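To start, the structure under review is shown below, and the notes come after it.
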2 protein chains.
Amino acid sequence: MTQPQTKYRSRCSIARTLDVLGDKWTLLVVRDLMWHGKHTFQELQASEEHIAANLLSERLKRLMALGLVAREAYQDRPVRYRYALTEEGRSLEALLLQIMGWGHAHLGGGLYDPQAGRTVADATPDGPL
Amino acid sequence: MTQPQTKYRSRCSIARTLDVLGDKWTLLVVRDLMWHGKHTFQELQASEEHIAANLLSERLKRLMALGLVAREAYQDRPVRYRYALTEEGRSLEALLLQIMGWGHAHLGGGLYDPQAGRTVADATPDGPL
DNA sequence: CGACTCACTTTCAAAATTAAAGTGACTATG
DNA sequence: CATAGTCACTTTAATTTTGAAAGTGAGTCG
């Protein structure tokens with residue numbers, strides 16, 4: 001679990017989850033760590049959606065503060081870090097799958113199969129008909 | 001389904017979903033429409049988290065544009081509207097439940113049982129230990 | 001030495017959020 | 001009939017967050 005570094009808006013679990021994950025970038029970082037083998041700052045930044053470096057930096061800090069992500073140096077001089085989900089972070093997989101399923105059904109996005117490790121259904125370029 | 005009024009950041013279903021629902025307020029509005037019997041502007045605004053009127057107004061417009069919410073006048077002179085989820089909007093229930101479950105387990109929020117129509121597990125005031 | 005890489009941080013303009021006040025169409029009260 | 005109140009917003013202005021770009025520091029490579 002996690003230290004309460006944030007004061008939550010309310011006692012509602014949904015509101016609390018949105019307080020910490022409710023923005024356009026955080027869950028994309030989690031997605032890349034979870035499924036796409038991206039673990040360095042550079043790899044995470046290079047994703048299709050092009051997160052700005054300052055935002056990636058800030059989001060990684062938040063995820064670490066929440067205990068969902070941990071980093072370890074994979075090299076000294078200069079020190080370079082590898083980011084990975086903690087066990088608690090991996091608990092977000094079901095949530096990610098649910099979001100993906102909804103987006104696929106309603107917004108025409110692609111479907112990634114974590115089992116197969118690849119996209120198994122195409123996205124429509126501009127969304128549904 | 002929905003007209004593509006937005007250009008999505010990518011073909012990823014998660015990114016697309018975050019493009020339309022990825023903020024701190026939209027899913028709280030959906031929560032209130034889905035489970036808490038709040039259907040007027042006033043009722044939605046009066047929720048615990050205190051959304052600002054201009055944001056509620058803008059979010060309702062977006063949800064209507066997406067086809068997830070519809071409104072009907074429940075009175076003329078002056079015309080007053082009642083907002084409700086469409087069938088497509090109701091498809092968000094599983095997502096809401098997943099978010100709630102995660103927030104309950106990891107952030108110490110309350111658990112609402114839609115079947116029972118009430119909160120069945122307490123929230124810890126400031127989050128988990 | 002000079003060029004390059006990686007992991008950031010800083011800067012600054014633009015966009016989003018917040019809180020408060022204002023508006024328009026009425027209804028109810030004195 | 002004038003005033004107060006309700007509801008559903010919109011407008012305004014201050015603050016915060018975001019986004020894009022440039023800069024920094026530690027080091028490697030040629």
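Following the order of the structure tokens, chains are lettered A, B, ..., residues in each are numbered from 1, and ligands are numbered from 1.
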
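Assigned to strand (DSSP E) in chain A, given DSSP computed from backbone atoms, are Val69, Ala70, Arg71, Glu72, Ala73, Tyr74, Gln75, Arg80, Tyr81, Arg82, Tyr83, Ala84, Leu85, Leu111, Tyr112, Asp113, Arg118, Thr119, Val120 and Ala121 of chain A.
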
Per residue of stretch 10-61 of chain B within 12 Å of stretch 90-114 of chain B, which atom pair is closest and at what distance in Å (one decimal), using only C-alpha atoms, listed by chain and increasing number, as CSV?
residue,atom,partner,partner_atom,distance
B:Thr17,CA,B:Leu95,CA,11.0
B:Leu21,CA,B:Leu92,CA,10.5
B:Thr26,CA,B:Leu96,CA,11.4
B:Leu27,CA,B:Leu96,CA,7.6
B:Leu28,CA,B:Leu96,CA,9.2
B:Val29,CA,B:Leu96,CA,11.2
B:Val30,CA,B:Leu92,CA,8.1
B:Arg31,CA,B:Leu96,CA,7.2
B:Asp32,CA,B:Leu96,CA,10.9
B:Leu33,CA,B:Arg90,CA,9.2
B:Met34,CA,B:Arg90,CA,7.0
B:Trp35,CA,B:Pro114,CA,6.5
B:His36,CA,B:Pro114,CA,9.1
B:Gly37,CA,B:Pro114,CA,11.4

Near chain C, which residues of chain B fall within 9 Å when you count only C-alpha atoms (C1' of nucleotides), and what do they look like as a PyMOL selection string? chain B and resi 52+55+77-79

Now that the selection is made, can you save its residues with N, CA, C and O atoms as an mmCIF file, in the first residue's frame?
data_model
loop_
_atom_site.group_PDB
_atom_site.id
_atom_site.type_symbol
_atom_site.label_atom_id
_atom_site.label_comp_id
_atom_site.auth_asym_id
_atom_site.auth_seq_id
_atom_site.Cartn_x
_atom_site.Cartn_y
_atom_site.Cartn_z
ATOM 1 N N ALA B 52 -17.004 22.616 -10.648
ATOM 2 C CA ALA B 52 -17.406 23.980 -11.005
ATOM 3 C C ALA B 52 -18.459 23.932 -12.102
ATOM 4 O O ALA B 52 -18.459 23.033 -12.951
ATOM 5 N N LEU B 55 -17.325 23.690 -15.722
ATOM 6 C CA LEU B 55 -16.793 22.378 -16.077
ATOM 7 C C LEU B 55 -17.909 21.360 -16.234
ATOM 8 O O LEU B 55 -17.888 20.547 -17.161
ATOM 9 N N ARG B 77 -40.541 26.646 -20.073
ATOM 10 C CA ARG B 77 -40.832 27.948 -19.459
ATOM 11 C C ARG B 77 -40.593 27.974 -17.958
ATOM 12 O O ARG B 77 -41.545 27.889 -17.218
ATOM 13 N N PRO B 78 -39.350 28.090 -17.540
ATOM 14 C CA PRO B 78 -38.157 27.987 -18.388
ATOM 15 C C PRO B 78 -37.818 26.530 -18.633
ATOM 16 O O PRO B 78 -38.113 25.688 -17.782
ATOM 17 N N VAL B 79 -37.213 26.267 -19.751
ATOM 18 C CA VAL B 79 -36.890 24.882 -20.056
ATOM 19 C C VAL B 79 -35.800 24.382 -19.102
ATOM 20 O O VAL B 79 -34.805 25.051 -18.837
#

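For the pair atom CA of B:Thr124 and atom CA of A:Gly67, the separation is 18.2 Å.
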
Please, which residues of chain D lie no more than 7 Å from chain A when the count uses only C-alpha atoms (C1' of nucleotides), and can they be set out as JSON, numbers by chain? {"D": [19, 26, 27]}

Residue subset to file, keeping N, CA and C atoms (P, O5', C5', C4', C3', O3' and C1' of nucleotides), as a short mmCIF file (atom, residue, chain, number, x, y, z; two decimals), in the first residue's frame:
data_model
loop_
_atom_site.label_atom_id
_atom_site.label_comp_id
_atom_site.auth_asym_id
_atom_site.auth_seq_id
_atom_site.Cartn_x
_atom_site.Cartn_y
_atom_site.Cartn_z
P DG D 19 -0.70 18.01 -22.52
"O5'" DG D 19 0.31 18.88 -23.36
"C5'" DG D 19 -0.16 20.03 -24.05
"C4'" DG D 19 0.96 20.69 -24.81
"C3'" DG D 19 1.95 19.75 -25.48
"O3'" DG D 19 2.05 20.20 -26.82
"C1'" DG D 19 3.12 21.31 -24.12
P DA D 26 27.98 17.03 -13.19
"O5'" DA D 26 28.19 15.55 -13.72
"C5'" DA D 26 27.21 14.56 -13.42
"C4'" DA D 26 27.39 13.40 -14.37
"C3'" DA D 26 28.87 13.05 -14.59
"O3'" DA D 26 29.09 11.67 -14.37
"C1'" DA D 26 27.75 13.33 -16.66
P DG D 27 30.56 11.13 -14.15
"O5'" DG D 27 30.97 10.59 -15.60
"C5'" DG D 27 30.31 9.44 -16.03
"C4'" DG D 27 30.06 9.48 -17.52
"C3'" DG D 27 31.30 9.17 -18.37
"O3'" DG D 27 31.42 7.76 -18.56
"C1'" DG D 27 29.76 10.71 -19.38
#

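For the choices A:Arg71, A:His50, A:Lys38, A:Arg82, the atom-to-atom distance to chain B is smallest for A:His50 when using only C-alpha atoms.
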
Any chance you could fit chain B onto chain A with least squares, all Cα atoms in order, and share the moved copy as a CSV table (one decimal) with N, CA and C atoms, in the first residue's frame?
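Contents of out00.csv, as written:
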chain,number,residue,atom,x,y,z
B,1,MET,N,0.9,-1.2,0.0
B,1,MET,CA,0.0,0.0,-0.1
B,1,MET,C,0.9,1.2,-0.1
B,2,THR,N,0.2,2.3,0.1
B,2,THR,CA,0.8,3.6,-0.2
B,2,THR,C,0.6,4.6,0.9
B,3,GLN,N,1.5,5.4,1.1
B,3,GLN,CA,1.4,6.6,2.1
B,3,GLN,C,0.4,7.6,1.4
B,4,PRO,N,-0.5,8.2,2.2
B,4,PRO,CA,-1.3,9.2,1.7
B,4,PRO,C,-0.6,10.5,1.5
B,5,GLN,N,0.0,10.7,0.4
B,5,GLN,CA,0.7,12.0,0.2
B,5,GLN,C,-0.3,13.0,-0.4
B,6,THR,N,-1.4,12.5,-0.9
B,6,THR,CA,-2.4,13.4,-1.5
B,6,THR,C,-3.5,13.5,-0.5
B,7,LYS,N,-4.2,14.6,-0.4
B,7,LYS,CA,-5.5,14.7,0.2
B,7,LYS,C,-6.5,14.4,-0.9
B,8,TYR,N,-7.3,13.4,-0.7
B,8,TYR,CA,-8.3,13.1,-1.7
B,8,TYR,C,-9.5,14.0,-1.6
B,9,ARG,N,-10.1,14.2,-2.8
B,9,ARG,CA,-11.3,15.0,-2.9
B,9,ARG,C,-12.5,14.5,-2.0
B,10,SER,N,-12.5,13.2,-2.0
B,10,SER,CA,-13.7,12.6,-1.2
B,10,SER,C,-13.3,11.1,-0.9
B,11,ARG,N,-14.2,10.5,-0.2
B,11,ARG,CA,-14.0,9.1,0.2
B,11,ARG,C,-14.3,8.1,-0.9
B,12,CYS,N,-14.9,8.6,-2.0
B,12,CYS,CA,-15.3,7.8,-3.1
B,12,CYS,C,-14.0,7.2,-3.8
B,13,SER,N,-14.0,5.8,-4.0
B,13,SER,CA,-12.9,5.2,-4.6
B,13,SER,C,-12.6,5.6,-6.0
B,14,ILE,N,-13.7,6.0,-6.7
B,14,ILE,CA,-13.5,6.4,-8.1
B,14,ILE,C,-12.9,7.8,-8.1
B,15,ALA,N,-13.4,8.7,-7.2
B,15,ALA,CA,-12.7,10.0,-7.1
B,15,ALA,C,-11.3,9.9,-6.7
B,16,ARG,N,-11.0,9.0,-5.8
B,16,ARG,CA,-9.6,8.9,-5.4
B,16,ARG,C,-8.7,8.3,-6.5
B,17,THR,N,-9.2,7.4,-7.2
B,17,THR,CA,-8.4,6.8,-8.3
B,17,THR,C,-8.2,7.9,-9.4
B,18,LEU,N,-9.2,8.7,-9.6
B,18,LEU,CA,-9.0,9.8,-10.6
B,18,LEU,C,-8.1,10.9,-10.1
B,19,ASP,N,-8.1,11.0,-8.8
B,19,ASP,CA,-7.1,12.0,-8.2
B,19,ASP,C,-5.7,11.6,-8.5
B,20,VAL,N,-5.4,10.3,-8.6
B,20,VAL,CA,-4.0,9.9,-8.8
B,20,VAL,C,-3.7,9.4,-10.2
B,21,LEU,N,-4.7,8.9,-10.9
B,21,LEU,CA,-4.5,8.4,-12.3
B,21,LEU,C,-5.3,9.1,-13.3
B,22,GLY,N,-6.1,10.1,-12.9
B,22,GLY,CA,-7.0,10.7,-13.8
B,22,GLY,C,-6.5,11.8,-14.7
B,23,ASP,N,-5.6,11.5,-15.6
B,23,ASP,CA,-5.1,12.4,-16.6
B,23,ASP,C,-4.8,11.7,-17.9
B,24,LYS,N,-4.3,12.4,-18.8
B,24,LYS,CA,-4.2,11.8,-20.2
B,24,LYS,C,-2.9,11.0,-20.3
B,25,TRP,N,-2.0,11.0,-19.4
B,25,TRP,CA,-0.7,10.4,-19.6
B,25,TRP,C,-0.3,9.3,-18.6
B,26,THR,N,-0.7,9.4,-17.4
B,26,THR,CA,-0.3,8.4,-16.4
B,26,THR,C,-0.5,6.9,-16.8
B,27,LEU,N,-1.7,6.6,-17.3
B,27,LEU,CA,-2.0,5.2,-17.6
B,27,LEU,C,-1.3,4.8,-18.9
B,28,LEU,N,-0.9,5.8,-19.7
B,28,LEU,CA,-0.1,5.4,-20.9
B,28,LEU,C,1.3,5.0,-20.5
B,29,VAL,N,1.8,5.6,-19.5
B,29,VAL,CA,3.1,5.2,-19.0
B,29,VAL,C,3.0,3.8,-18.4
B,30,VAL,N,1.9,3.6,-17.7
B,30,VAL,CA,1.7,2.3,-17.1
B,30,VAL,C,1.6,1.2,-18.2
B,31,ARG,N,0.8,1.6,-19.2
B,31,ARG,CA,0.7,0.7,-20.4
B,31,ARG,C,2.0,0.2,-20.9
B,32,ASP,N,2.9,1.2,-21.1
B,32,ASP,CA,4.2,0.9,-21.8
B,32,ASP,C,5.1,0.1,-20.9
B,33,LEU,N,5.0,0.3,-19.5
B,33,LEU,CA,5.7,-0.5,-18.6
B,33,LEU,C,5.2,-1.9,-18.5
B,34,MET,N,3.8,-2.0,-18.6
B,34,MET,CA,3.1,-3.2,-18.4
B,34,MET,C,3.3,-4.2,-19.5
B,35,TRP,N,3.2,-3.6,-20.7
B,35,TRP,CA,3.1,-4.5,-21.9
B,35,TRP,C,4.1,-4.3,-23.0
B,36,HIS,N,4.7,-3.1,-23.1
B,36,HIS,CA,5.5,-2.9,-24.3
B,36,HIS,C,7.0,-2.9,-24.1
B,37,GLY,N,7.4,-3.4,-22.9
B,37,GLY,CA,8.8,-3.6,-22.7
B,37,GLY,C,9.6,-2.3,-22.7
B,38,LYS,N,8.9,-1.2,-22.4
B,38,LYS,CA,9.6,0.1,-22.3
B,38,LYS,C,10.0,0.4,-20.9
B,39,HIS,N,11.3,0.6,-20.6
B,39,HIS,CA,11.7,0.7,-19.3
B,39,HIS,C,12.6,1.9,-19.0
B,40,THR,N,13.2,2.4,-20.0
B,40,THR,CA,14.0,3.6,-19.8
B,40,THR,C,13.3,4.9,-20.1
B,41,PHE,N,13.8,6.0,-19.6
B,41,PHE,CA,13.1,7.3,-19.9
B,41,PHE,C,13.0,7.5,-21.4
B,42,GLN,N,14.0,7.2,-22.0
B,42,GLN,CA,14.0,7.4,-23.5
B,42,GLN,C,13.0,6.6,-24.2
B,43,GLU,N,12.9,5.3,-23.8
B,43,GLU,CA,11.9,4.4,-24.4
B,43,GLU,C,10.5,4.9,-24.2
B,44,LEU,N,10.3,5.3,-22.9
B,44,LEU,CA,8.9,5.7,-22.6
B,44,LEU,C,8.6,7.0,-23.3
B,45,GLN,N,9.6,7.8,-23.5
B,45,GLN,CA,9.3,9.1,-24.2
B,45,GLN,C,9.1,8.9,-25.6
B,46,ALA,N,9.6,7.8,-26.2
B,46,ALA,CA,9.5,7.6,-27.6
B,46,ALA,C,8.2,7.0,-28.1
B,47,SER,N,7.3,6.8,-27.1
B,47,SER,CA,6.0,6.2,-27.5
B,47,SER,C,5.2,7.1,-28.5
B,48,GLU,N,4.4,6.4,-29.2
B,48,GLU,CA,3.6,7.0,-30.2
B,48,GLU,C,2.9,8.3,-29.8
B,49,GLU,N,2.5,8.5,-28.6
B,49,GLU,CA,1.8,9.7,-28.2
B,49,GLU,C,2.6,10.9,-27.8
B,50,HIS,N,3.9,10.7,-27.7
B,50,HIS,CA,4.9,11.7,-27.5
B,50,HIS,C,4.7,12.6,-26.3
B,51,ILE,N,4.8,12.0,-25.2
B,51,ILE,CA,4.7,12.7,-23.9
B,51,ILE,C,5.9,13.7,-23.8
B,52,ALA,N,5.7,14.9,-23.3
B,52,ALA,CA,6.8,15.8,-23.1
B,52,ALA,C,7.7,15.3,-21.9
B,53,ALA,N,9.0,15.6,-22.0
B,53,ALA,CA,9.9,15.1,-21.1
B,53,ALA,C,9.6,15.5,-19.6
B,54,ASN,N,9.2,16.8,-19.4
B,54,ASN,CA,8.9,17.2,-18.1
B,54,ASN,C,7.7,16.5,-17.5
B,55,LEU,N,6.7,16.1,-18.3
B,55,LEU,CA,5.6,15.4,-17.9
B,55,LEU,C,5.9,14.0,-17.5
B,56,LEU,N,6.7,13.4,-18.4
B,56,LEU,CA,7.1,12.0,-18.1
B,56,LEU,C,7.9,11.9,-16.8
B,57,SER,N,8.8,12.9,-16.6
B,57,SER,CA,9.5,13.0,-15.4
B,57,SER,C,8.6,13.1,-14.2
B,58,GLU,N,7.7,14.0,-14.3
B,58,GLU,CA,6.8,14.2,-13.2
B,58,GLU,C,5.9,13.0,-12.9
B,59,ARG,N,5.4,12.4,-14.0
B,59,ARG,CA,4.5,11.2,-13.8
B,59,ARG,C,5.2,10.0,-13.2
B,60,LEU,N,6.5,9.8,-13.6
B,60,LEU,CA,7.3,8.8,-13.0
B,60,LEU,C,7.5,9.0,-11.5
B,61,LYS,N,7.7,10.2,-11.2
B,61,LYS,CA,7.9,10.6,-9.8
B,61,LYS,C,6.6,10.3,-9.0
B,62,ARG,N,5.5,10.6,-9.5
B,62,ARG,CA,4.2,10.4,-8.9
B,62,ARG,C,4.0,8.9,-8.7
B,63,LEU,N,4.2,8.2,-9.8
B,63,LEU,CA,4.0,6.7,-9.7
B,63,LEU,C,4.9,6.1,-8.7
B,64,MET,N,6.1,6.6,-8.6
B,64,MET,CA,7.1,6.0,-7.6
B,64,MET,C,6.6,6.4,-6.2
B,65,ALA,N,6.2,7.6,-6.1
B,65,ALA,CA,5.7,8.1,-4.7
B,65,ALA,C,4.5,7.2,-4.3
B,66,LEU,N,3.7,6.8,-5.3
B,66,LEU,CA,2.5,5.9,-5.0
B,66,LEU,C,2.9,4.5,-4.8
B,67,GLY,N,4.1,4.1,-5.1
B,67,GLY,CA,4.5,2.8,-4.9
B,67,GLY,C,4.1,1.9,-6.1
B,68,LEU,N,3.7,2.5,-7.2
B,68,LEU,CA,3.3,1.7,-8.3
B,68,LEU,C,4.4,1.4,-9.3
B,69,VAL,N,5.5,2.2,-9.2
B,69,VAL,CA,6.6,2.0,-10.1
B,69,VAL,C,7.9,2.1,-9.2
B,70,ALA,N,8.9,1.4,-9.5
B,70,ALA,CA,10.2,1.5,-8.8
B,70,ALA,C,11.2,1.6,-9.9
B,71,ARG,N,12.4,2.2,-9.6
B,71,ARG,CA,13.4,2.2,-10.5
B,71,ARG,C,14.7,1.7,-9.9
B,72,GLU,N,15.6,1.2,-10.8
B,72,GLU,CA,16.9,0.8,-10.3
B,72,GLU,C,17.9,1.3,-11.3
B,73,ALA,N,19.1,1.6,-10.8
B,73,ALA,CA,20.1,2.0,-11.7
B,73,ALA,C,20.6,0.8,-12.5
B,74,TYR,N,20.7,0.9,-13.8
B,74,TYR,CA,21.3,-0.2,-14.5
B,74,TYR,C,22.7,0.1,-15.0
B,75,GLN,N,23.2,1.3,-14.6
B,75,GLN,CA,24.5,1.7,-14.9
B,75,GLN,C,24.9,2.9,-14.0
B,76,ASP,N,26.2,2.9,-13.6
B,76,ASP,CA,26.7,4.1,-12.9
B,76,ASP,C,27.5,4.9,-13.9
B,77,ARG,N,27.8,6.1,-13.5
B,77,ARG,CA,28.7,7.0,-14.3
B,77,ARG,C,28.5,6.9,-15.8
B,78,PRO,N,27.5,7.7,-16.2
B,78,PRO,CA,26.5,8.4,-15.4
B,78,PRO,C,25.4,7.4,-15.0
B,79,VAL,N,24.8,7.6,-13.9
B,79,VAL,CA,23.8,6.7,-13.5
B,79,VAL,C,22.5,6.8,-14.4
B,80,ARG,N,22.1,5.6,-14.8
B,80,ARG,CA,20.9,5.5,-15.7
B,80,ARG,C,19.9,4.6,-15.1
B,81,TYR,N,18.7,4.9,-15.2
B,81,TYR,CA,17.7,4.1,-14.5
B,81,TYR,C,16.8,3.3,-15.4
B,82,ARG,N,16.4,2.2,-14.8
B,82,ARG,CA,15.4,1.3,-15.5
B,82,ARG,C,14.1,1.4,-14.6
B,83,TYR,N,13.0,1.8,-15.2
B,83,TYR,CA,11.7,1.8,-14.4
B,83,TYR,C,10.9,0.6,-14.6
B,84,ALA,N,10.3,0.1,-13.6
B,84,ALA,CA,9.4,-1.1,-13.7
B,84,ALA,C,8.3,-1.0,-12.7
B,85,LEU,N,7.2,-1.6,-13.1
B,85,LEU,CA,6.0,-1.6,-12.2
B,85,LEU,C,6.4,-2.5,-11.0
B,86,THR,N,5.9,-2.1,-9.9
B,86,THR,CA,5.9,-2.9,-8.7
B,86,THR,C,4.8,-3.9,-8.8
B,87,GLU,N,4.7,-4.8,-7.8
B,87,GLU,CA,3.6,-5.7,-7.8
B,87,GLU,C,2.3,-4.9,-7.7
B,88,GLU,N,2.3,-3.9,-6.9
B,88,GLU,CA,1.1,-3.1,-6.8
B,88,GLU,C,0.8,-2.4,-8.1
B,89,GLY,N,1.8,-2.0,-8.8
B,89,GLY,CA,1.6,-1.4,-10.1
B,89,GLY,C,1.0,-2.4,-11.1
B,90,ARG,N,1.4,-3.6,-11.0
B,90,ARG,CA,0.9,-4.6,-11.9
B,90,ARG,C,-0.6,-4.9,-11.7
B,91,SER,N,-1.1,-4.5,-10.5
B,91,SER,CA,-2.5,-4.7,-10.2
B,91,SER,C,-3.4,-3.8,-11.1
B,92,LEU,N,-2.7,-2.9,-11.8
B,92,LEU,CA,-3.5,-2.1,-12.7
B,92,LEU,C,-3.9,-2.7,-14.0
B,93,GLU,N,-3.4,-4.0,-14.2
B,93,GLU,CA,-3.6,-4.6,-15.5
B,93,GLU,C,-5.1,-4.8,-15.9
B,94,ALA,N,-5.8,-5.2,-14.9
B,94,ALA,CA,-7.3,-5.4,-15.2
B,94,ALA,C,-7.9,-4.1,-15.6
B,95,LEU,N,-7.5,-3.0,-14.9
B,95,LEU,CA,-8.1,-1.7,-15.3
B,95,LEU,C,-7.7,-1.3,-16.7
B,96,LEU,N,-6.5,-1.5,-17.0
B,96,LEU,CA,-6.0,-1.2,-18.4
B,96,LEU,C,-6.8,-2.0,-19.4
B,97,LEU,N,-7.0,-3.3,-19.1
B,97,LEU,CA,-7.7,-4.2,-20.0
B,97,LEU,C,-9.1,-3.7,-20.2
B,98,GLN,N,-9.7,-3.3,-19.1
B,98,GLN,CA,-11.1,-2.8,-19.2
B,98,GLN,C,-11.2,-1.5,-20.0
B,99,ILE,N,-10.3,-0.6,-19.8
B,99,ILE,CA,-10.2,0.7,-20.6
B,99,ILE,C,-10.0,0.4,-22.0
B,100,MET,N,-9.1,-0.5,-22.3
B,100,MET,CA,-8.8,-0.9,-23.7
B,100,MET,C,-10.0,-1.5,-24.3
B,101,GLY,N,-10.7,-2.4,-23.7
B,101,GLY,CA,-11.9,-3.0,-24.2
B,101,GLY,C,-13.0,-2.0,-24.5
B,102,TRP,N,-13.2,-1.1,-23.6
B,102,TRP,CA,-14.2,-0.1,-23.9
B,102,TRP,C,-13.8,0.8,-25.1
B,103,GLY,N,-12.6,1.2,-25.1
B,103,GLY,CA,-12.1,2.1,-26.2
B,103,GLY,C,-12.2,1.4,-27.5
B,104,HIS,N,-11.9,0.1,-27.5
B,104,HIS,CA,-12.0,-0.7,-28.8
B,104,HIS,C,-13.4,-0.7,-29.2
B,105,ALA,N,-14.3,-1.0,-28.3
B,105,ALA,CA,-15.7,-1.2,-28.7
B,105,ALA,C,-16.4,0.1,-29.1
B,106,HIS,N,-16.0,1.2,-28.4
B,106,HIS,CA,-16.7,2.5,-28.6
B,106,HIS,C,-16.0,3.6,-29.3
B,107,LEU,N,-14.7,3.5,-29.4
B,107,LEU,CA,-13.9,4.5,-30.1
B,107,LEU,C,-13.1,4.0,-31.2
B,108,GLY,N,-13.2,2.7,-31.5
B,108,GLY,CA,-12.6,2.1,-32.6
B,108,GLY,C,-11.1,2.0,-32.5
B,109,GLY,N,-10.5,1.9,-31.3
B,109,GLY,CA,-9.1,1.7,-31.1
B,109,GLY,C,-8.7,0.3,-31.3
B,110,GLY,N,-7.4,0.1,-31.4
B,110,GLY,CA,-6.9,-1.3,-31.5
B,110,GLY,C,-7.0,-2.1,-30.3
B,111,LEU,N,-6.8,-3.4,-30.4
B,111,LEU,CA,-6.9,-4.3,-29.3
B,111,LEU,C,-5.6,-5.1,-29.1
B,112,TYR,N,-4.9,-4.9,-28.0
B,112,TYR,CA,-3.7,-5.6,-27.8
B,112,TYR,C,-3.9,-6.8,-26.9
B,113,ASP,N,-3.3,-7.9,-27.3
B,113,ASP,CA,-3.5,-9.1,-26.5
B,113,ASP,C,-2.2,-9.3,-25.7
B,114,PRO,N,-2.2,-9.1,-24.4
B,114,PRO,CA,-1.0,-9.2,-23.6
B,114,PRO,C,-0.5,-10.7,-23.6
B,115,GLN,N,-1.4,-11.6,-23.7
B,115,GLN,CA,-1.0,-13.1,-23.8
B,115,GLN,C,-0.1,-13.3,-25.1
B,116,ALA,N,-0.7,-12.8,-26.2
B,116,ALA,CA,0.0,-13.0,-27.4
B,116,ALA,C,1.2,-12.0,-27.6
B,117,GLY,N,1.1,-10.9,-26.8
B,117,GLY,CA,2.1,-9.8,-26.9
B,117,GLY,C,2.0,-9.0,-28.2
B,118,ARG,N,0.8,-9.0,-28.8
B,118,ARG,CA,0.7,-8.1,-30.0
B,118,ARG,C,-0.8,-7.7,-30.2
B,119,THR,N,-0.9,-6.7,-31.1
B,119,THR,CA,-2.2,-6.2,-31.4
B,119,THR,C,-3.0,-7.2,-32.2
B,120,VAL,N,-4.2,-7.5,-31.8
B,120,VAL,CA,-5.0,-8.6,-32.4
B,120,VAL,C,-6.2,-8.0,-33.2
B,121,ALA,N,-6.5,-6.7,-33.1
B,121,ALA,CA,-7.6,-6.2,-33.8
B,121,ALA,C,-7.2,-4.7,-34.2
B,122,ASP,N,-7.5,-4.4,-35.5
B,122,ASP,CA,-7.1,-3.1,-36.0
B,122,ASP,C,-7.9,-2.0,-35.4
B,123,ALA,N,-7.3,-0.9,-35.4
B,123,ALA,CA,-8.0,0.4,-35.0
B,123,ALA,C,-8.5,1.0,-36.3
B,124,THR,N,-9.7,1.6,-36.2
B,124,THR,CA,-10.1,2.4,-37.4
B,124,THR,C,-9.4,3.8,-37.3
B,125,PRO,N,-8.9,4.3,-38.4
B,125,PRO,CA,-8.0,5.5,-38.3
B,125,PRO,C,-8.6,6.6,-37.5
B,126,ASP,N,-9.9,6.9,-37.8
B,126,ASP,CA,-10.4,8.1,-37.1
B,126,ASP,C,-11.6,7.8,-36.2
B,127,GLY,N,-11.6,6.6,-35.7
B,127,GLY,CA,-12.7,6.3,-34.8
B,127,GLY,C,-13.8,5.6,-35.5
B,128,PRO,N,-14.9,5.3,-34.7
B,128,PRO,CA,-16.0,4.5,-35.3
B,128,PRO,C,-16.8,5.3,-36.3
B,129,LEU,N,-17.6,4.5,-37.1
B,129,LEU,CA,-18.3,5.1,-38.2
B,129,LEU,C,-19.3,6.2,-37.8
